[in-house]
Amino acid sequence: MSFFKRTIRSVPIDNKTVLIRADYNVPQSKTGAISDDLRIRASLPTIEYLLEHHCKVVIMSHLGRPEGREEKYSLKPVAKRLSDLLDRKVIFVDDCIGDKVVQAVKKAPTNSVILLENLRYYTEEEANDTAFAENIAKSTGARYFVQDGFGVVHRAHASTEAITHFIPSVSGLLLEREYVTITGAMEKPQRPLIAVMGGAKISDKITVIERFVGIADKIIIGGAMSNTFLKYKGHHMGNSKVEDGQEKVLDSIYLAAHKKLDTSIDDFIILPDDVAVASQISEAATRKNVKLGNLDEKDIALDIGDASIDRMVEEIATAKTVIWNGTLGYAELPEFAHGSARLALSLAAQAETTSIIGGGDTADFVLKWDGKGGESFTHVSTGGGASLELMAGKKLPGIESLLDAPR
Ligand code: ADP
Ligand code: 3PG
Ligand code: MG
């Protein structure tokens, strides 16, 4: 599948000053250390391409949701990590507009990399403010704008939308890869396609589930999401996390599934037959397998059960494409990460199966699980909300605003 937007490969970018929007909104520990640098590593191919083409590279991003200029949201530690990964100097400017930026860009020689301070220190960023975007464009003097912050393209902000009114705007290599991989697997998958959905809530993911009912060969449901499905089917779920008010949504999901199927619906939307429970959510809690129908009042279902894990692994073995969104249990606690870990292991072992992993918590989980920075899978998306919206088939403002690919 090809990309419908122009990319850095299709414009005469050599020797230009180029402004990249990256998504360096990386998780940090309490002490400010970067706890996962996937988003920084994923930005390297575009930066390296531009350096090979003798560009002056200026990068902007947000970090967190600061209220004003809060030091703990500074991008300075990201500049350090980026410099280590690129193995070259990264000039950090502690503002994203104004004279400091003008001077830094002017002084920097060709093939420099400059990182600007957090865009969200200005409320104008999230307000998609035109004057602010124009100020960024003028301060950096960029000849091209490159959107490569896939994780933030579902937002219409000054650095994702308004900026494109001032500078010719094209896609970076990460955005292109994310779009082509995810959309390709949704629209033209190698079959069988199995969707695995889990996580906290149905309501966060309705449109994605509905889309999978239309396109997937099977859907495996786990996580707290499966508690809600199971309760809807009449099972007693004890003290488990269940989302109220989802009956109508589930009625329409099952109706749509019925219409498409000639086989049993329970072989299409696959729910757990057993769950792993505890009476409290804590490090001390141990895993107890319980068959559906046998849950006590105090039982909290925190993972899919061992028999359900075995069934899932058998199903996954038949898939040529697997798209996974949402952990299958309370994976922050190792006792309740068995379902997610076995799924990760199956995908890592099935090299011939295309495996696409989306969702902030799910990506965090597989990256921690994987010793190879996510390389055990075909694609670990750098987008949380953005990957969900793309899977749902929505148009994303940060992509729509770019120049169309030449026909
Ligand atoms: P993603 O960010 O990958 O889209 P979600 O945010 O939807 O995923 O879901 C991840 C969250 O769901 C995690 O915090 C996890 O603890 C929670 N979760 C998963 N299964 C359960 C469960 N059985 N009970 C309570 N919480 C759960
Ligand atoms: C993300 O981490 O999902 C993106 O960086 C967007 O951040 P936001 O949800 O604060 O807009
Ligand atoms: Mg999440």
# chains A, B, ... in the order shown; residues from 1 in each chain; ligands from 1
>>> residues_around(residues="region 376-391 of chain A", least_positions_apart="4", cutoff="6 Å", atoms="only C-alpha atoms", output="PyMOL selection string")
chain A and resi 39+151+154+348+354-360
>>> residues_near_ligand(ligand="ligand 1", cutoff="6 Å", atoms="only C-alpha atoms and all ligand atoms", output="ChimeraX atom specification")
/A:199-201,223-224,241,301-303,325-332,359-362
>>> closest_residue(among="A:Ile265, A:Ala133, A:Ile323, A:Ala363", to="ligand 3", atoms="only C-alpha atoms and all ligand atoms")
A:Ala363
>>> select_by_dssp(residues="region 171-304 of chain A", states="alpha helix (DSSP H)", output="PyMOL selection string")
chain A and resi 173-187+206-215+223-232+247-260
>>> atom_distance(atom1="CA of Val78 (chain A)", atom2="CA of Gly64 (chain A)")
12.7 Å
>>> residues_around(residues="Asp84 (chain A)", least_positions_apart="4", cutoff="12 Å", atoms="only C-alpha atoms", output="PyMOL selection string")
chain A and resi 37+40-41+44+77-80+88-90
>>> select_by_dssp(residues="region 126-218 of chain A", states="strand (DSSP E)", output="MDAnalysis selection string")
chainID A and resid 144:147 169:171 193:197 218
>>> residues_around(residues="region 170-184 of chain A", least_positions_apart="6", cutoff="7 Å", atoms="only C-alpha atoms", output="number ranges by chain")
A: 1-3, 5-8, 42-43, 45-46, 145-150, 381, 391, 402-403
>>> write_last_selection(atoms="N, CA and C atoms", output="PDB file, in the first residue's frame")
ATOM      1  N   MET A   1       0.855  -1.205   0.000  1.00  0.00           N
ATOM      2  CA  MET A   1       0.000   0.000   0.000  1.00  0.00           C
ATOM      3  C   MET A   1       0.881   1.242   0.000  1.00  0.00           C
ATOM      4  N   SER A   2       0.476   2.239  -0.778  1.00  0.00           N
ATOM      5  CA  SER A   2       1.281   3.467  -0.793  1.00  0.00           C
ATOM      6  C   SER A   2       0.590   4.551   0.047  1.00  0.00           C
ATOM      7  N   PHE A   3       1.331   5.566   0.354  1.00  0.00           N
ATOM      8  CA  PHE A   3       0.831   6.626   1.229  1.00  0.00           C
ATOM      9  C   PHE A   3       0.240   7.746   0.379  1.00  0.00           C
ATOM     10  N   LYS A   5       0.015  10.853   1.037  1.00  0.00           N
ATOM     11  CA  LYS A   5       0.609  12.164   1.289  1.00  0.00           C
ATOM     12  C   LYS A   5       2.040  12.214   0.771  1.00  0.00           C
ATOM     13  N   ARG A   6       2.465  13.422   0.452  1.00  0.00           N
ATOM     14  CA  ARG A   6       3.830  13.636  -0.004  1.00  0.00           C
ATOM     15  C   ARG A   6       4.791  13.373   1.172  1.00  0.00           C
ATOM     16  N   THR A   7       5.944  12.815   0.886  1.00  0.00           N
ATOM     17  CA  THR A   7       6.904  12.551   1.971  1.00  0.00           C
ATOM     18  C   THR A   7       8.225  13.278   1.687  1.00  0.00           C
ATOM     19  N   ILE A   8       9.135  13.208   2.634  1.00  0.00           N
ATOM     20  CA  ILE A   8      10.443  13.851   2.449  1.00  0.00           C
ATOM     21  C   ILE A   8      11.172  13.303   1.224  1.00  0.00           C
ATOM     22  N   ALA A  42      12.446   5.808  17.235  1.00  0.00           N
ATOM     23  CA  ALA A  42      11.642   5.730  16.006  1.00  0.00           C
ATOM     24  C   ALA A  42      11.772   6.988  15.145  1.00  0.00           C
ATOM     25  N   SER A  43      12.265   8.074  15.746  1.00  0.00           N
ATOM     26  CA  SER A  43      12.393   9.323  14.982  1.00  0.00           C
ATOM     27  C   SER A  43      13.717   9.404  14.217  1.00  0.00           C
ATOM     28  N   PRO A  45      15.289   7.536  11.736  1.00  0.00           N
ATOM     29  CA  PRO A  45      15.425   7.417  10.280  1.00  0.00           C
ATOM     30  C   PRO A  45      15.155   8.734   9.531  1.00  0.00           C
ATOM     31  N   THR A  46      14.156   9.477   9.945  1.00  0.00           N
ATOM     32  CA  THR A  46      13.855  10.748   9.275  1.00  0.00           C
ATOM     33  C   THR A  46      14.997  11.750   9.486  1.00  0.00           C
ATOM     34  N   PHE A 145       8.195  21.778   6.304  1.00  0.00           N
ATOM     35  CA  PHE A 145       7.736  21.228   7.575  1.00  0.00           C
ATOM     36  C   PHE A 145       7.527  19.730   7.385  1.00  0.00           C
ATOM     37  N   VAL A 146       8.084  18.935   8.301  1.00  0.00           N
ATOM     38  CA  VAL A 146       7.979  17.477   8.201  1.00  0.00           C
ATOM     39  C   VAL A 146       7.201  16.947   9.410  1.00  0.00           C
ATOM     40  N   GLN A 147       6.033  16.400   9.148  1.00  0.00           N
ATOM     41  CA  GLN A 147       5.249  15.816  10.241  1.00  0.00           C
ATOM     42  C   GLN A 147       5.713  14.381  10.460  1.00  0.00           C
ATOM     43  N   ASP A 148       6.303  14.123  11.621  1.00  0.00           N
ATOM     44  CA  ASP A 148       6.751  12.763  11.920  1.00  0.00           C
ATOM     45  C   ASP A 148       6.319  12.329  13.326  1.00  0.00           C
ATOM     46  N   GLY A 149       5.496  13.157  13.963  1.00  0.00           N
ATOM     47  CA  GLY A 149       5.033  12.829  15.318  1.00  0.00           C
ATOM     48  C   GLY A 149       3.740  12.036  15.252  1.00  0.00           C
ATOM     49  N   PHE A 150       3.850  10.777  14.821  1.00  0.00           N
ATOM     50  CA  PHE A 150       2.626   9.988  14.620  1.00  0.00           C
ATOM     51  C   PHE A 150       1.720  10.017  15.858  1.00  0.00           C
ATOM     52  N   SER A 381       3.452   0.235  17.511  1.00  0.00           N
ATOM     53  CA  SER A 381       3.116   1.620  17.160  1.00  0.00           C
ATOM     54  C   SER A 381       3.594   2.596  18.231  1.00  0.00           C
ATOM     55  N   MET A 391      -6.917   2.945  13.432  1.00  0.00           N
ATOM     56  CA  MET A 391      -7.564   1.631  13.310  1.00  0.00           C
ATOM     57  C   MET A 391      -9.074   1.770  13.145  1.00  0.00           C
ATOM     58  N   LEU A 402      -1.330  17.652   5.427  1.00  0.00           N
ATOM     59  CA  LEU A 402      -0.089  17.604   4.629  1.00  0.00           C
ATOM     60  C   LEU A 402      -0.392  17.641   3.136  1.00  0.00           C
ATOM     61  N   LEU A 403       0.626  17.959   2.343  1.00  0.00           N
ATOM     62  CA  LEU A 403       0.466  17.997   0.878  1.00  0.00           C
ATOM     63  C   LEU A 403       0.155  16.600   0.354  1.00  0.00           C
TER      64      LEU A 403
END
>>> residues_around(residues="region 50-60 of chain A", least_positions_apart="4", cutoff="6 Å", atoms="only C-alpha atoms", output="ChimeraX atom specification")
/A:14-21,110-116
>>> closest_residue(among="A:Ala22, A:Gly393, A:Thr228, A:Lys205", to="ligand 3", atoms="only C-alpha atoms and all ligand atoms")
A:Lys205
>>> atom_distance(atom1="CA of Ile209 (chain A)", atom2="CA of Pro334 (chain A)")
26.8 Å
>>> closest_residue(among="A:Ala216, A:Ala142, A:Val152, A:Ala127", to="Asp23 (chain A)", atoms="only C-alpha atoms")
A:Val152
>>> closest_residue(among="A:Thr140, A:Ser226, A:Ser159, A:Gln103", to="ligand 2", atoms="only C-alpha atoms and all ligand atoms")
A:Ser159
>>> decode(residues="region 95-110 of chain A", atoms="C-alpha atoms", output="PDB file, in the first residue's frame")
ATOM      1  CA  ASP A  95      12.229  28.176  23.760  1.00  0.00           C
ATOM      2  CA  CYS A  96      10.293  27.253  20.623  1.00  0.00           C
ATOM      3  CA  ILE A  97       9.690  30.775  19.268  1.00  0.00           C
ATOM      4  CA  GLY A  98      11.456  34.116  19.281  1.00  0.00           C
ATOM      5  CA  ASP A  99      14.956  35.482  19.098  1.00  0.00           C
ATOM      6  CA  LYS A 100      16.707  32.582  20.841  1.00  0.00           C
ATOM      7  CA  VAL A 101      15.420  30.273  18.113  1.00  0.00           C
ATOM      8  CA  VAL A 102      16.276  32.716  15.305  1.00  0.00           C
ATOM      9  CA  GLN A 103      19.858  33.105  16.545  1.00  0.00           C
ATOM     10  CA  ALA A 104      20.413  29.383  17.205  1.00  0.00           C
ATOM     11  CA  VAL A 105      19.246  28.382  13.728  1.00  0.00           C
ATOM     12  CA  LYS A 106      21.254  31.174  12.069  1.00  0.00           C
ATOM     13  CA  LYS A 107      24.463  30.233  13.908  1.00  0.00           C
ATOM     14  CA  ALA A 108      24.139  26.473  13.385  1.00  0.00           C
ATOM     15  CA  PRO A 109      26.014  25.070  10.398  1.00  0.00           C
ATOM     16  CA  THR A 110      24.476  22.700   7.835  1.00  0.00           C
TER      17      THR A 110
END
